[in-house]
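S.K.: Structure file structure-v4.cif (mmCIF, C-alpha atoms) right here:
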```
data_protein
loop_
_atom_site.label_atom_id
_atom_site.label_comp_id
_atom_site.auth_asym_id
_atom_site.auth_seq_id
_atom_site.Cartn_x
_atom_site.Cartn_y
_atom_site.Cartn_z
CA MET U 1 3.40 -12.78 -43.17
CA ARG U 2 7.19 -12.94 -43.11
CA LYS U 3 7.40 -9.25 -42.19
CA THR U 4 5.00 -9.79 -39.28
CA ILE U 5 7.03 -12.69 -37.95
CA GLN U 6 10.27 -10.69 -38.23
CA THR U 7 8.64 -7.76 -36.43
CA LEU U 8 7.46 -10.03 -33.63
CA LYS U 9 10.93 -11.58 -33.33
CA ALA U 10 12.50 -8.13 -33.10
CA LYS U 11 10.02 -7.00 -30.45
CA ALA U 12 10.60 -10.19 -28.45
CA ALA U 13 14.37 -9.69 -28.65
CA CYS U 14 14.03 -6.06 -27.48
CA ALA U 15 11.81 -7.15 -24.60
CA ALA U 16 14.32 -9.83 -23.61
CA ILE U 17 17.17 -7.31 -23.65
CA ARG U 18 15.16 -4.81 -21.59
CA THR U 19 14.22 -7.52 -19.10
CA ARG U 20 17.82 -8.68 -18.81
CA ASN U 21 18.99 -5.09 -18.22
CA ILE U 22 16.35 -4.50 -15.55
CA LEU U 23 17.24 -7.72 -13.75
CA HIS U 24 20.96 -6.91 -13.82
CA ASN U 25 20.42 -3.36 -12.52
CA GLU U 26 21.92 -3.23 -9.04
CA ALA U 27 21.32 0.44 -8.30
CA GLY U 28 18.68 -0.30 -5.65
CA ASP U 29 17.03 3.09 -5.97
CA PHE U 30 13.56 1.65 -6.33
CA TYR U 31 13.94 -0.67 -3.36
CA ILE U 32 15.01 2.11 -1.02
CA SER U 33 12.26 4.51 -2.07
CA ASP U 34 9.63 1.77 -1.90
CA GLY U 35 10.87 0.74 1.54
CA VAL U 36 10.66 4.32 2.81
CA LYS U 37 7.13 4.65 1.44
CA ILE U 38 6.07 1.44 3.18
CA ILE U 39 7.60 2.53 6.49
CA ILE U 40 5.87 5.91 6.29
CA ALA U 41 2.54 4.23 5.50
CA VAL U 42 2.90 1.83 8.44
CA VAL U 43 3.79 4.63 10.89
CA LEU U 44 0.93 6.85 9.72
CA GLY U 45 -1.48 3.91 9.88
CA ALA U 46 -0.40 3.12 13.44
CA LEU U 47 -0.83 6.76 14.49
CA LEU U 48 -4.28 6.92 12.91
CA LEU U 49 -5.33 3.66 14.55
CA ALA U 50 -4.09 4.87 17.95
CA ALA U 51 -5.95 8.17 17.57
CA LEU U 52 -9.19 6.46 16.56
CA THR U 53 -8.91 3.97 19.40
CA LEU U 54 -8.36 6.80 21.88
CA ILE U 55 -11.35 8.76 20.56
CA PHE U 56 -13.67 5.75 20.58
CA ASN U 57 -12.64 4.49 24.01
CA ASP U 58 -12.77 7.87 25.74
CA THR U 59 -15.63 9.65 23.98
CA VAL U 60 -17.89 7.58 21.77
CA ILE U 61 -18.35 4.34 23.71
CA PRO U 62 -19.11 6.01 27.10
CA ARG U 63 -21.64 8.31 25.45
CA ILE U 64 -23.34 5.43 23.63
CA THR U 65 -23.44 3.53 26.94
CA ARG U 66 -25.04 6.51 28.72
CA GLU U 67 -27.61 6.95 25.96
CA ILE U 68 -28.58 3.27 26.01
CA GLU U 69 -28.80 3.27 29.80
CA GLY U 70 -30.92 6.41 29.56
CA LEU U 71 -33.33 4.69 27.21
CA PHE U 72 -33.64 1.40 29.03
CA GLY U 73 -32.58 2.29 32.57
CA PRO U 74 -34.86 2.84 35.58
#
```
Can you present the structure in this file as structure tokens?
M.R.:
Amino acid sequence: MRKTIQTLKAKAACAAIRTRNILHNEAGDFYISDGVKIIIAVVLGALLLAALTLIFNDTVIPRITREIEGLFGP
């Protein structure tokens, strides 16, 4: 039982040291790379949304309108 408690204390101390080192790390590498990834995702999402909007407004919706008018029109 004593060995288990000592092992848990040692693991907790190691975790605390690792956490302290991570929090004191001021390199900023992760923040820059994550920021670039987010910016790329936003730009690609905006381009995809613009392309889909253009396709739907110019092609799909007019065709659906013509088909519906063809079915129910005079």
S.K.: CA of Ala50 in chain U to CA of Pro62 in chain U: how many Å, to one decimal?
M.R.: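 Rounded to one decimal, the two atoms are 17.6 Å apart.
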S.K.: Work out how far apart CA of Thr53 in chain U and CA of Gly73 in chain U are and give it in Å to one decimal.
M.R.: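 We find that CA of Thr53 in chain U and CA of Gly73 in chain U lie 27.1 Å from each other.
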S.K.: Mind giving me the straight-line distance from CA of Ile68 in chain U to CA of Ile55 in chain U in Å, one decimal?
M.R.: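 So the two atoms, CA of Ile68 in chain U and CA of Ile55 in chain U, lie 18.9 Å apart.
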S.K.: Need a file for range 17-47 of chain U from that block: N, CA and C atoms, written as a PDB file, in the first residue's frame.
M.R.:
```
ATOM      1  N   ILE U  17       5.345  18.955 -12.632  1.00  0.00           N
ATOM      2  CA  ILE U  17       6.536  19.542 -13.255  1.00  0.00           C
ATOM      3  C   ILE U  17       6.321  19.715 -14.752  1.00  0.00           C
ATOM      4  N   ARG U  18       5.760  18.696 -15.406  1.00  0.00           N
ATOM      5  CA  ARG U  18       5.488  18.804 -16.842  1.00  0.00           C
ATOM      6  C   ARG U  18       4.506  19.929 -17.132  1.00  0.00           C
ATOM      7  N   THR U  19       3.472  20.045 -16.324  1.00  0.00           N
ATOM      8  CA  THR U  19       2.482  21.100 -16.512  1.00  0.00           C
ATOM      9  C   THR U  19       3.112  22.474 -16.324  1.00  0.00           C
ATOM     10  N   ARG U  20       3.934  22.610 -15.306  1.00  0.00           N
ATOM     11  CA  ARG U  20       4.611  23.880 -15.056  1.00  0.00           C
ATOM     12  C   ARG U  20       5.527  24.243 -16.231  1.00  0.00           C
ATOM     13  N   ASN U  21       6.248  23.262 -16.763  1.00  0.00           N
ATOM     14  CA  ASN U  21       7.133  23.528 -17.897  1.00  0.00           C
ATOM     15  C   ASN U  21       6.347  23.919 -19.145  1.00  0.00           C
ATOM     16  N   ILE U  22       5.223  23.282 -19.371  1.00  0.00           N
ATOM     17  CA  ILE U  22       4.400  23.613 -20.537  1.00  0.00           C
ATOM     18  C   ILE U  22       3.842  25.023 -20.408  1.00  0.00           C
ATOM     19  N   LEU U  23       3.396  25.374 -19.216  1.00  0.00           N
ATOM     20  CA  LEU U  23       2.825  26.702 -19.012  1.00  0.00           C
ATOM     21  C   LEU U  23       3.874  27.804 -19.094  1.00  0.00           C
ATOM     22  N   HIS U  24       5.110  27.504 -18.749  1.00  0.00           N
ATOM     23  CA  HIS U  24       6.174  28.500 -18.808  1.00  0.00           C
ATOM     24  C   HIS U  24       6.858  28.551 -20.171  1.00  0.00           C
ATOM     25  N   ASN U  25       6.497  27.675 -21.077  1.00  0.00           N
ATOM     26  CA  ASN U  25       7.081  27.666 -22.413  1.00  0.00           C
ATOM     27  C   ASN U  25       6.566  28.874 -23.185  1.00  0.00           C
ATOM     28  N   GLU U  26       7.461  29.724 -23.623  1.00  0.00           N
ATOM     29  CA  GLU U  26       7.068  30.932 -24.337  1.00  0.00           C
ATOM     30  C   GLU U  26       7.508  30.894 -25.793  1.00  0.00           C
ATOM     31  N   ALA U  27       7.712  29.722 -26.332  1.00  0.00           N
ATOM     32  CA  ALA U  27       8.190  29.612 -27.710  1.00  0.00           C
ATOM     33  C   ALA U  27       7.128  30.099 -28.688  1.00  0.00           C
ATOM     34  N   GLY U  28       5.879  29.756 -28.476  1.00  0.00           N
ATOM     35  CA  GLY U  28       4.795  30.225 -29.324  1.00  0.00           C
ATOM     36  C   GLY U  28       4.665  29.477 -30.628  1.00  0.00           C
ATOM     37  N   ASP U  29       5.393  28.406 -30.797  1.00  0.00           N
ATOM     38  CA  ASP U  29       5.328  27.660 -32.052  1.00  0.00           C
ATOM     39  C   ASP U  29       3.934  27.106 -32.303  1.00  0.00           C
ATOM     40  N   PHE U  30       3.324  26.583 -31.292  1.00  0.00           N
ATOM     41  CA  PHE U  30       2.011  25.972 -31.467  1.00  0.00           C
ATOM     42  C   PHE U  30       0.951  27.014 -31.794  1.00  0.00           C
ATOM     43  N   TYR U  31       1.059  28.189 -31.202  1.00  0.00           N
ATOM     44  CA  TYR U  31       0.065  29.222 -31.444  1.00  0.00           C
ATOM     45  C   TYR U  31       0.127  29.721 -32.882  1.00  0.00           C
ATOM     46  N   ILE U  32       1.325  29.880 -33.406  1.00  0.00           N
ATOM     47  CA  ILE U  32       1.474  30.363 -34.778  1.00  0.00           C
ATOM     48  C   ILE U  32       0.956  29.324 -35.756  1.00  0.00           C
ATOM     49  N   SER U  33       1.342  28.071 -35.590  1.00  0.00           N
ATOM     50  CA  SER U  33       0.907  27.039 -36.529  1.00  0.00           C
ATOM     51  C   SER U  33      -0.608  26.824 -36.439  1.00  0.00           C
ATOM     52  N   ASP U  34      -1.152  26.872 -35.242  1.00  0.00           N
ATOM     53  CA  ASP U  34      -2.605  26.734 -35.103  1.00  0.00           C
ATOM     54  C   ASP U  34      -3.328  27.911 -35.727  1.00  0.00           C
ATOM     55  N   GLY U  35      -2.783  29.103 -35.567  1.00  0.00           N
ATOM     56  CA  GLY U  35      -3.387  30.296 -36.172  1.00  0.00           C
ATOM     57  C   GLY U  35      -3.382  30.216 -37.685  1.00  0.00           C
ATOM     58  N   VAL U  36      -2.277  29.749 -38.257  1.00  0.00           N
ATOM     59  CA  VAL U  36      -2.197  29.606 -39.718  1.00  0.00           C
ATOM     60  C   VAL U  36      -3.201  28.570 -40.200  1.00  0.00           C
ATOM     61  N   LYS U  37      -3.330  27.485 -39.483  1.00  0.00           N
ATOM     62  CA  LYS U  37      -4.304  26.452 -39.864  1.00  0.00           C
ATOM     63  C   LYS U  37      -5.728  27.005 -39.830  1.00  0.00           C
ATOM     64  N   ILE U  38      -6.041  27.787 -38.823  1.00  0.00           N
ATOM     65  CA  ILE U  38      -7.385  28.359 -38.710  1.00  0.00           C
ATOM     66  C   ILE U  38      -7.636  29.340 -39.837  1.00  0.00           C
ATOM     67  N   ILE U  39      -6.654  30.172 -40.157  1.00  0.00           N
ATOM     68  CA  ILE U  39      -6.825  31.136 -41.250  1.00  0.00           C
ATOM     69  C   ILE U  39      -7.024  30.418 -42.577  1.00  0.00           C
ATOM     70  N   ILE U  40      -6.248  29.378 -42.831  1.00  0.00           N
ATOM     71  CA  ILE U  40      -6.401  28.612 -44.068  1.00  0.00           C
ATOM     72  C   ILE U  40      -7.780  27.981 -44.130  1.00  0.00           C
ATOM     73  N   ALA U  41      -8.254  27.419 -43.029  1.00  0.00           N
ATOM     74  CA  ALA U  41      -9.574  26.795 -43.007  1.00  0.00           C
ATOM     75  C   ALA U  41     -10.672  27.817 -43.270  1.00  0.00           C
ATOM     76  N   VAL U  42     -10.548  29.007 -42.697  1.00  0.00           N
ATOM     77  CA  VAL U  42     -11.562  30.046 -42.911  1.00  0.00           C
ATOM     78  C   VAL U  42     -11.578  30.494 -44.366  1.00  0.00           C
ATOM     79  N   VAL U  43     -10.401  30.702 -44.959  1.00  0.00           N
ATOM     80  CA  VAL U  43     -10.332  31.143 -46.352  1.00  0.00           C
ATOM     81  C   VAL U  43     -10.896  30.074 -47.283  1.00  0.00           C
ATOM     82  N   LEU U  44     -10.506  28.815 -47.076  1.00  0.00           N
ATOM     83  CA  LEU U  44     -11.032  27.746 -47.926  1.00  0.00           C
ATOM     84  C   LEU U  44     -12.541  27.586 -47.752  1.00  0.00           C
ATOM     85  N   GLY U  45     -13.021  27.727 -46.536  1.00  0.00           N
ATOM     86  CA  GLY U  45     -14.464  27.647 -46.293  1.00  0.00           C
ATOM     87  C   GLY U  45     -15.211  28.765 -46.993  1.00  0.00           C
ATOM     88  N   ALA U  46     -14.654  29.972 -46.971  1.00  0.00           N
ATOM     89  CA  ALA U  46     -15.299  31.100 -47.645  1.00  0.00           C
ATOM     90  C   ALA U  46     -15.313  30.894 -49.153  1.00  0.00           C
ATOM     91  N   LEU U  47     -14.216  30.392 -49.717  1.00  0.00           N
ATOM     92  CA  LEU U  47     -14.178  30.114 -51.154  1.00  0.00           C
ATOM     93  C   LEU U  47     -15.186  29.037 -51.545  1.00  0.00           C
TER      94      LEU U  47
END
```
